[in-house]
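Below: my_file.txt (compact mmCIF, C-alpha atoms)
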# COMPACT_ATOMS: atom_id res chain seq x y z
CA MET A 599 -11.46 2.19 -23.25
CA THR A 600 -12.67 -1.21 -24.40
CA ALA A 601 -14.79 -3.53 -22.34
CA SER A 602 -11.79 -5.78 -21.69
CA GLU A 603 -9.65 -3.03 -20.19
CA PRO A 604 -9.45 -2.58 -16.40
CA ARG A 605 -11.70 -0.04 -14.80
CA GLY A 606 -11.40 1.69 -11.45
CA ARG A 607 -13.66 1.21 -8.46
CA LYS A 608 -14.34 2.94 -5.19
CA MET A 609 -11.41 3.09 -2.82
CA ASN A 610 -13.09 1.36 0.12
CA ASN A 611 -14.61 -1.60 -1.69
CA ALA A 612 -12.69 -4.16 0.32
CA ALA A 613 -15.72 -5.91 1.74
CA ALA A 614 -16.84 -7.04 -1.70
CA ASP A 615 -13.70 -9.08 -2.32
CA HIS A 616 -12.48 -10.22 1.08
CA THR A 617 -14.07 -12.34 3.76
CA SER A 618 -14.21 -10.70 7.15
CA HIS A 619 -12.80 -11.91 10.42
CA ALA A 620 -15.76 -10.24 12.04
CA PRO A 621 -18.19 -12.61 13.74
CA SER A 622 -21.75 -12.97 12.58
CA ALA A 623 -24.59 -11.85 14.81
CA SER A 624 -24.76 -15.31 16.33
CA GLN A 625 -21.03 -15.21 17.06
CA GLY A 626 -21.19 -12.00 19.06
CA VAL A 627 -21.04 -13.75 22.45
CA LEU A 628 -18.61 -16.50 21.46
CA PRO A 629 -15.14 -16.69 23.01
CA TYR A 630 -12.29 -15.36 20.90
CA THR A 631 -9.67 -17.52 19.22
CA CYS A 632 -6.49 -17.59 21.32
CA GLY A 633 -4.24 -16.29 18.50
CA VAL A 634 -0.90 -16.58 20.34
CA ARG A 635 1.98 -16.98 17.88
CA THR A 636 5.31 -18.74 17.99
CA PRO A 637 7.95 -18.77 15.23
CA VAL A 638 9.23 -21.83 13.40
CA THR A 639 13.02 -21.79 13.30
CA SER A 640 15.18 -23.61 10.76
CA GLY A 641 16.17 -26.19 13.36
CA MET A 642 12.54 -27.33 13.75
CA TYR A 643 11.85 -28.42 10.19
CA ARG A 644 13.39 -31.87 10.58
CA SER A 645 11.19 -32.58 13.61
CA ILE A 646 8.12 -31.31 11.76
CA HIS A 647 8.59 -33.69 8.84
CA GLU A 648 9.60 -36.58 11.10
CA ALA A 649 6.26 -36.21 12.88
CA ALA A 650 4.47 -37.37 9.70
CA PRO A 651 6.83 -39.36 7.46
CA GLY A 652 5.75 -39.53 3.84
CA CYS A 653 3.09 -36.84 4.11
CA VAL A 654 3.34 -34.01 1.59
CA GLY A 655 2.88 -30.38 2.58
CA THR A 656 4.66 -27.08 3.20
CA ALA A 657 5.67 -26.17 6.73
CA ARG A 658 4.71 -22.70 7.85
CA ALA A 659 7.12 -20.13 9.19
CA SER A 660 4.82 -19.14 12.04
CA ILE A 661 2.28 -21.04 14.15
CA VAL A 662 -0.84 -19.51 15.68
CA CYS A 663 -2.91 -21.10 18.45
CA GLU A 664 -6.29 -22.05 16.99
CA LEU A 665 -8.03 -23.04 20.22
CA ALA A 666 -10.59 -20.93 21.99
CA GLU A 667 -8.97 -18.44 24.35
CA HIS A 668 -7.69 -20.21 27.44
CA THR A 669 -5.56 -19.70 30.53
CA SER A 670 -1.78 -19.67 30.45
CA ALA A 671 -1.80 -23.00 32.33
CA SER A 672 -3.17 -24.76 29.23
CA PRO A 673 -0.89 -25.41 26.23
CA HIS A 674 -1.37 -23.80 22.84
CA TRP A 675 -2.12 -25.83 19.70
CA GLY A 676 -1.62 -24.74 16.09
CA VAL A 677 -1.16 -26.25 12.63
CA VAL A 678 2.40 -26.18 11.33
CA LEU A 679 1.99 -28.42 8.28
CA GLU A 680 -1.33 -29.20 6.59
CA PHE A 681 -1.28 -32.31 4.40
CA ALA A 682 -1.72 -31.61 0.71
CA ASP A 683 -4.23 -34.45 0.33
CA GLY A 684 -6.21 -33.52 3.47
CA GLY A 685 -7.11 -35.92 6.23
CA GLY A 686 -5.02 -34.39 8.98
CA ALA A 687 -2.07 -32.17 9.75
CA VAL A 688 1.04 -31.82 11.87
CA TRP A 689 0.09 -29.84 14.95
CA ALA A 690 2.43 -28.02 17.33
CA ARG A 691 1.87 -27.93 21.07
CA TRP A 692 3.70 -25.38 23.16
CA SER A 693 3.40 -23.40 26.37
CA ASP A 694 4.38 -19.82 27.09
CA GLY A 695 8.15 -19.79 27.51
CA SER A 696 8.80 -23.23 25.96
CA GLY A 697 9.34 -24.45 22.41
CA PRO A 698 6.82 -26.45 20.38
CA VAL A 699 6.50 -30.23 20.15
CA PHE A 700 5.13 -31.67 16.90
CA ALA A 701 2.72 -34.55 16.33
CA GLU A 702 0.43 -35.79 13.58
CA ARG A 703 -3.25 -35.45 14.37
CA ALA A 704 -6.38 -36.53 12.49
CA ASP A 705 -9.12 -34.00 11.82
CA CYS A 706 -11.87 -33.54 14.37
CA PRO A 707 -14.87 -35.76 13.47
CA THR A 708 -17.60 -33.75 11.79
CA GLY A 709 -20.48 -35.99 12.90
CA ASP A 710 -23.78 -35.12 11.22
CA THR A 711 -22.69 -31.67 10.01
CA PRO A 712 -21.91 -31.94 6.27
CA ALA A 713 -21.77 -28.16 5.71
CA ALA A 714 -18.16 -26.95 5.52
CA GLU A 715 -18.97 -23.95 7.70
CA ALA A 716 -20.11 -26.24 10.52
CA ARG A 717 -17.12 -28.56 10.48
CA CYS A 718 -14.48 -28.24 13.12
CA ALA A 719 -11.03 -27.23 11.83
CA LEU A 720 -9.25 -28.66 14.90
CA PHE A 721 -7.98 -32.18 15.59
CA THR A 722 -9.64 -35.17 17.17
CA GLU A 723 -10.02 -34.96 20.97
CA HIS A 724 -8.84 -31.37 21.02
CA PRO A 725 -9.25 -29.38 24.25
CA GLY A 726 -11.99 -26.80 24.48
CA LEU A 727 -14.74 -25.87 22.03
CA CYS A 728 -14.92 -26.84 18.36
CA SER A 729 -14.01 -24.07 15.93
CA PRO A 730 -17.60 -23.28 14.76
CA ASP A 731 -18.36 -22.35 18.39
CA VAL A 732 -15.43 -19.92 18.60
CA ASN A 733 -15.22 -16.34 17.36
CA PRO A 734 -12.64 -16.36 14.51
CA ARG A 735 -11.16 -13.06 15.72
CA TYR A 736 -8.06 -13.33 17.86
CA LYS A 737 -8.41 -12.20 21.45
CA PRO A 738 -7.18 -8.65 22.22
CA ASP A 739 -3.49 -8.58 23.12
CA PRO A 740 -2.09 -5.42 24.77
CA ASP A 741 1.46 -6.62 24.07
CA ARG A 742 0.92 -6.93 20.32
CA GLN A 743 1.66 -3.34 19.31
CA PRO A 744 4.67 -3.00 21.65
CA ARG A 745 6.09 -6.08 19.87
CA VAL A 746 5.61 -4.30 16.55
CA HIS A 747 7.48 -1.20 17.70
CA THR A 748 10.32 -3.27 19.19
CA ALA A 749 10.71 -5.15 15.89
CA LEU A 750 10.65 -1.92 13.90
CA ARG A 751 13.40 -0.42 16.05
CA THR A 752 15.53 -3.45 15.16
CA LEU A 753 14.87 -2.98 11.43
CA GLU A 754 15.78 0.70 11.61
CA ARG A 755 19.40 -0.26 12.42
CA PRO A 756 20.20 -3.06 9.93
CA GLY A 757 23.94 -2.62 10.27
CA ALA A 758 23.81 -3.45 13.98
CA HIS A 759 22.18 -6.87 13.59
CA GLU A 760 22.78 -10.21 11.89
CA ARG A 761 20.49 -11.26 9.05
CA PRO A 762 18.55 -13.91 11.08
CA THR A 763 17.73 -11.23 13.65
CA LEU A 764 16.49 -8.89 10.95
CA GLN A 765 14.43 -11.63 9.32
CA ALA A 766 12.81 -12.53 12.63
CA ALA A 767 12.05 -8.87 13.34
CA SER A 768 10.44 -8.35 9.93
CA SER A 769 8.22 -11.41 10.35
CA THR A 770 7.24 -10.39 13.87
CA ALA A 771 6.33 -6.87 12.75
CA ALA A 772 4.36 -7.94 9.66
CA LEU A 773 2.41 -10.73 11.37
CA SER A 774 1.67 -8.67 14.47
CA ILE A 775 0.36 -5.85 12.30
CA TRP A 776 -1.86 -8.36 10.49
CA ASP A 777 -3.14 -9.80 13.78
CA GLU A 778 -3.93 -6.37 15.18
CA LEU A 779 -5.71 -5.13 12.06
CA THR A 780 -7.83 -8.25 11.70
CA SER A 781 -8.65 -8.74 15.38
CA SER A 782 -9.66 -5.07 15.76
CA GLY A 783 -11.92 -5.17 12.69
CA ARG A 784 -9.92 -2.51 10.83
CA TRP A 785 -8.94 -4.95 8.06
CA MET A 786 -12.36 -4.95 6.45
CA LEU A 787 -12.44 -1.15 6.40
CA MET A 788 -9.07 -0.85 4.66
CA ALA A 789 -8.88 0.08 0.99
CA GLU A 790 -8.02 -2.78 -1.32
CA CYS A 791 -4.70 -1.22 -2.25
CA ASP A 792 -3.71 -1.02 1.42
CA GLN A 793 -4.73 -4.64 1.95
CA ALA A 794 -2.54 -5.49 -1.05
CA ALA A 795 0.41 -3.69 0.54
CA LEU A 796 0.11 -5.78 3.71
CA TYR A 797 -0.32 -9.04 1.78
CA ARG A 798 2.83 -8.25 -0.19
CA LEU A 799 4.87 -7.53 2.93
CA LEU A 800 3.59 -10.62 4.74
CA ALA A 801 4.72 -12.88 1.92
CA GLY A 802 7.89 -11.00 0.98
CA THR A 803 9.65 -10.01 4.19
CA GLY A 804 12.35 -12.65 3.75
CA SER A 805 13.18 -11.63 0.19
CA HIS A 806 13.56 -7.99 1.20
CA LEU A 807 16.25 -8.99 3.66
CA SER A 808 18.29 -11.03 1.20
CA SER A 809 20.20 -8.10 -0.28
CA THR A 810 21.30 -4.72 1.04
CA PRO A 811 20.68 -2.83 4.31
CA GLU A 812 19.08 -0.15 2.12
CA ASN A 813 16.24 -2.57 1.35
CA VAL A 814 15.82 -3.37 5.03
CA THR A 815 15.44 0.35 5.78
CA GLU A 816 12.82 0.66 3.04
CA LEU A 817 10.99 -2.36 4.43
CA ALA A 818 10.99 -0.82 7.91
CA SER A 819 9.47 2.35 6.47
CA GLU A 820 6.66 0.42 4.78
CA LEU A 821 5.90 -1.56 7.92
CA THR A 822 5.95 1.62 10.01
CA CYS A 823 3.30 3.19 7.80
CA LEU A 824 1.13 0.06 8.00
CA ALA A 825 1.58 -0.07 11.76
CA GLY A 826 0.14 3.44 11.87
CA LEU A 827 -3.16 2.07 10.58
CA CYS A 828 -3.47 -0.02 13.76
CA GLU A 829 -3.70 3.18 15.80
CA SER A 830 -5.54 5.42 13.35
CA SER A 831 -9.28 5.74 12.90
CA PRO A 832 -10.88 2.82 10.99
CA GLY A 833 -10.94 3.42 7.24
CA SER A 834 -7.79 5.55 7.15
CA LEU A 835 -5.66 5.32 4.01
CA LEU A 836 -1.94 4.88 3.57
CA ALA A 837 -0.24 7.93 2.14
CA GLY A 838 -0.28 8.06 -1.64
CA ALA A 839 -3.44 5.98 -2.08
CA THR A 840 -5.62 8.84 -3.35
CA GLU A 841 -2.97 9.95 -5.85
CA ALA A 842 -2.47 6.37 -7.05
CA VAL A 843 -6.20 5.94 -7.69
CA GLU A 844 -6.20 9.08 -9.84
CA LEU A 845 -3.09 8.06 -11.78
CA ASP A 846 -4.45 4.55 -12.35
CA ALA A 847 -7.72 5.95 -13.74
CA ARG A 848 -5.84 8.30 -16.07
CA LEU A 849 -3.59 5.48 -17.28
CA TRP A 850 -6.49 3.25 -18.35
CA GLU A 851 -8.24 6.10 -20.14
CA LEU A 852 -5.34 6.24 -22.61
CA PRO A 853 -5.19 4.11 -25.78
CA ALA A 854 -3.28 0.85 -25.26
CA ALA A 855 -0.28 2.02 -27.30
CA TRP A 856 0.12 5.13 -25.14
CA GLN A 857 -0.27 3.06 -21.98
CA ALA A 858 2.68 0.92 -23.08
CA CYS A 859 4.68 4.04 -23.92
CA VAL A 860 4.08 5.60 -20.49
CA LEU A 861 4.89 2.39 -18.60
CA GLY A 862 7.93 1.65 -20.70
CA ASP A 863 9.41 4.97 -19.61
CA GLN A 864 8.95 4.05 -15.94
CA TYR A 865 11.93 1.72 -16.02
CA GLN A 866 14.88 3.53 -14.46
CA ARG A 867 14.56 3.20 -10.69
CA ILE A 868 14.50 6.48 -8.80
CA ALA A 869 16.78 6.57 -5.77
CA PRO A 870 14.81 5.20 -2.79
CA THR A 871 13.51 7.71 -0.31
CA SER A 872 12.56 7.37 3.34
CA ARG A 873 8.96 6.58 2.40
CA TRP A 874 8.25 5.16 -1.02
CA TYR A 875 4.60 6.16 -1.22
CA ASP A 876 4.45 9.69 0.22
CA THR A 877 7.22 11.36 -1.76
CA ASP A 878 6.41 13.26 -4.92
CA PRO A 879 8.74 11.99 -7.67
CA ASP A 880 8.50 15.42 -9.31
CA ASP A 881 10.85 16.67 -6.60
CA GLU A 882 13.41 13.93 -7.21
CA PRO A 883 16.05 14.36 -9.93
CA SER A 884 15.93 11.36 -12.25
CA ARG A 885 16.63 10.34 -15.81
CA ARG A 886 13.06 9.14 -16.12
CA PRO A 887 9.91 11.28 -16.07
CA SER A 888 7.59 11.03 -13.10
CA LEU A 889 4.48 8.97 -13.72
CA ALA A 890 2.31 12.09 -13.45
CA ASN A 891 4.40 13.97 -16.03
CA ALA A 892 4.55 10.97 -18.38
CA LEU A 893 0.77 10.63 -18.23
CA ALA A 894 0.24 14.35 -18.82
CA GLY A 895 2.47 14.27 -21.91
CA ALA A 896 0.75 11.17 -23.31
CA GLU A 897 -2.71 12.62 -22.64
CA ASP A 898 -1.82 15.83 -24.44
CA ARG A 899 -0.43 14.07 -27.50
CA ALA A 900 -3.24 11.51 -27.63
CA ALA A 901 -5.81 14.33 -27.47
CA ARG A 902 -4.17 15.87 -30.56
CA GLY A 903 -4.51 12.56 -32.38
CA GLU A 904 -0.83 11.72 -32.32
CA HIS A 905 0.48 8.17 -32.08
CA PRO A 906 3.45 6.89 -30.08
CA PRO A 907 6.75 6.74 -32.01
CA VAL A 908 7.40 3.56 -33.97
CA VAL A 909 10.52 2.07 -35.55
CA ASP A 910 11.19 3.54 -38.97
CA ALA A 911 12.06 0.98 -41.64
CA ASP A 912 14.99 3.17 -42.72
CA TRP A 913 16.68 2.98 -39.31
CA PRO A 914 19.64 0.57 -39.45
CA ILE A 915 19.35 -2.56 -37.34
CA TRP A 916 22.29 -1.46 -35.18
CA SER A 917 20.82 1.98 -34.52
CA LEU A 918 20.79 2.91 -30.83
CA ARG A 919 17.56 4.81 -31.42
CA ARG A 920 15.94 1.70 -32.87
CA THR A 921 17.16 -0.49 -29.99
CA ALA A 922 15.96 1.95 -27.33
CA LEU A 923 12.50 2.28 -28.88
CA VAL A 924 12.10 -1.50 -29.27
CA GLU A 925 13.08 -2.05 -25.63
CA LEU A 926 10.72 0.68 -24.41
CA THR A 927 7.81 -0.79 -26.39
CA GLN A 928 8.49 -4.34 -25.26
CA ARG A 929 8.83 -3.62 -21.56
CA GLY A 930 5.90 -1.18 -21.65
CA THR A 931 3.65 -3.75 -23.33
CA GLU A 932 4.69 -6.47 -20.89
CA THR A 933 4.10 -4.17 -17.91
CA ARG A 934 0.67 -3.18 -19.23
CA ASN A 935 -0.31 -6.82 -19.76
CA ARG A 936 0.72 -7.75 -16.23
CA LEU A 937 -1.12 -4.80 -14.74
CA SER A 938 -4.28 -5.61 -16.67
CA ARG A 939 -4.44 -9.07 -15.10
CA LEU A 940 -4.33 -7.78 -11.53
CA PRO A 941 -7.41 -7.09 -9.41
CA TYR A 942 -8.10 -3.43 -8.84
CA GLY A 943 -6.57 -3.10 -5.38
CA TRP A 944 -3.33 -4.80 -6.39
CA ARG A 945 -3.09 -2.60 -9.48
CA VAL A 946 -3.45 0.61 -7.47
CA ASP A 947 -0.76 -0.61 -5.06
CA VAL A 948 1.54 -1.22 -8.04
CA VAL A 949 0.82 2.25 -9.45
CA ARG A 950 1.56 3.76 -6.03
CA ARG A 951 4.97 2.09 -5.99
CA ILE A 952 5.73 3.14 -9.57
CA ARG A 953 4.82 6.71 -8.61
CA GLY A 954 7.26 6.45 -5.71
CA GLY A 955 10.13 5.41 -7.97
CA MET A 956 10.05 1.62 -8.34
CA ASN A 957 10.87 0.04 -11.68
CA ALA A 958 7.43 -0.43 -13.31
CA LEU A 959 8.05 -3.92 -14.69
CA HIS A 960 9.38 -5.14 -11.34
CA ALA A 961 6.44 -3.61 -9.44
CA ALA A 962 3.94 -5.27 -11.80
CA SER A 963 5.75 -8.62 -11.53
CA VAL A 964 5.52 -8.61 -7.73
CA GLY A 965 1.85 -7.74 -7.99
CA ALA A 966 1.23 -10.66 -10.33
CA GLU A 967 2.96 -13.10 -7.99
CA MET A 968 0.90 -11.87 -5.05
CA ASN A 969 -2.31 -12.24 -7.05
CA VAL A 970 -1.65 -15.99 -7.16
CA MET A 971 -1.70 -16.00 -3.36
CA ARG A 972 -4.89 -13.92 -3.33
CA ILE A 973 -6.68 -16.42 -5.60
CA TYR A 974 -5.45 -19.72 -4.19
CA GLY A 975 -5.18 -18.79 -0.53
CA PRO A 976 -2.47 -18.01 2.01
CA TYR A 977 -0.89 -21.47 2.13
CA LEU A 978 1.46 -21.33 -0.87
CA GLY A 979 5.22 -21.27 -0.80
CA SER A 980 6.81 -19.80 2.28
CA TRP A 981 3.64 -18.03 3.38
CA ASN A 982 3.57 -17.49 7.11
CA GLY A 983 0.16 -19.08 7.65
CA CYS A 984 -1.40 -15.96 9.10
CA GLU A 985 -4.91 -17.36 9.47
CA PRO A 986 -6.36 -20.44 11.16
CA ARG A 987 -7.01 -23.13 8.59
CA ARG A 988 -10.76 -22.84 9.12
CA HIS A 989 -10.56 -19.89 6.73
CA ARG A 990 -9.28 -22.00 3.85
CA ARG A 991 -12.92 -22.32 2.77
CA HIS A 992 -13.16 -18.60 2.13
CA PRO A 993 -12.35 -16.94 -1.24
CA TRP A 994 -9.46 -14.49 -1.36

Starting from the file, give its structure as structure tokens.
Amino acid sequence: MTASEPRGRKMNNAAADHTSHAPSASQGVLPYTCGVRTPVTSGMYRSIHEAAPGCVGTARASIVCELAEHTSASPHWGVVLEFADGGGAVWARWSDGSGPVFAERADCPTGDTPAAEARCALFTEHPGLCSPDVNPRYKPDPDRQPRVHTALRTLERPGAHERPTLQAASSTAALSIWDELTSSGRWMLMAECDQAALYRLLAGTGSHLSSTPENVTELASELTCLAGLCESSPGSLLAGATEAVELDARLWELPAAWQACVLGDQYQRIAPTSRWYDTDPDDEPSRRPSLANALAGAEDRAARGEHPPVVDADWPIWSLRRTALVELTQRGTETRNRLSRLPYGWRVDVVRRIRGGMNALHAASVGAEMNVMRIYGPYLGSWNGCEPRRHRRHPW
């Protein structure tokens, strides 16, 4: 392995790469952030943009109350559209049981506090405390997990519901799981690959619902497994994580040419199962080898000094053998290159999905797209805005 090739790390190294929601020692007695959510429906987008004509930004699909915890008699306030050039945002105000009203608001004056960490992320003349005086964790919500289970029951019967209902249920489940994991402190104890799985589902729930009911069922299974982490002991792993770490380490010990050969073979999608990451592909009939078997074969041949097959100059240009080998090499090389650019946790999550039967190139492509969100923050595209904007200062 060369110095430029990816290397593995410990499974529970999440704290090194992700900023915690946990309060500092001085924050231990601070009130929690309210954290109540309300969805943004398609009929609201016109009102959102009319609240700040000419301002550029991307409206979120979900709004979270960013005030300090308060009584139900006081309205909630949350950012729905943050201006691309700064200097303010469109805020939503709503009460329990009523829809949001949108208005442009300037940022809260920072006074004599130039440090970014000491600046308030709320708006001018906001009710309650400024954000530096509030615990960034959301307040405990006993109704949060029941909402998750209700949403999952909806996703388990895709044929009985319209697509908007399924989309709303998937967003509710994913965001509620996120809220519970972060507010309980479990998030920082999760393995990087499990964090990657939740990031991917948070940003991709809508796309999963754009095709067949089969994909909705698979999505429900993934969310169900992640929901289990909310009730398990802190530091628990999703099924398949340990195996994926081992397979990833074995993959990157191979020479680059054999890596491309192994990944190129992981192209034919195995029929989806009830749980994509806890089923052994060795037990599933398929025209492609399991990742474990492909690695074992490559390791054995590489140890004997053999090289992967290459196109023979004598093979005619129209030869099916030539075409198949060229395609395998090309897609294997592209998959390897995409995997090598991912951070460790994302890569292990991709390997876990390949092991479970997903097309390797597709799995690596999704991982690469999600890495953009990890680097630049959770406010790109149709991201659901799962954190208060005070956390935009943190690296991801």

Taking all atoms listed in the file into account, name the residue in A:Leu835, A:Ala892, A:Ala794, A:Val860 that is nearest to Arg951 in chain A. A:Ala794

Got a sec: who's within 8 Å of His747 in chain A, counting only C-alpha atoms, leaving out chain neighbours fewer than 4 positions off, as a short mmCIF file (atom, residue, chain, number, x, y, z; two decimals) with C-alpha atoms, in the frame of the given file?
data_model
loop_
_atom_site.label_atom_id
_atom_site.label_comp_id
_atom_site.auth_asym_id
_atom_site.auth_seq_id
_atom_site.Cartn_x
_atom_site.Cartn_y
_atom_site.Cartn_z
CA GLN A 743 1.66 -3.34 19.31
CA ARG A 751 13.40 -0.42 16.05
CA ALA A 771 6.33 -6.87 12.75
#

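What separates CA of Arg742 in chain A from CA of Leu773 in chain A is a distance of 9.8 Å.
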
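Take CA of Val948 in chain A and CA of Ala818 in chain A: the distance between them is 18.5 Å.
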
Have a look at CA of Asp705 in chain A and CA of Arg735 in chain A and let me know their distance in Å, one decimal.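 CA of Asp705 in chain A sits 21.4 Å away from CA of Arg735 in chain A.
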
Nearest to Leu827 in chain A: which of A:Leu753, A:Leu926, A:Leu796, A:Leu940 is it, counting all atoms listed in the file?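 Counting all atoms listed in the file, the residue closest to Leu827 in chain A is A:Leu796.
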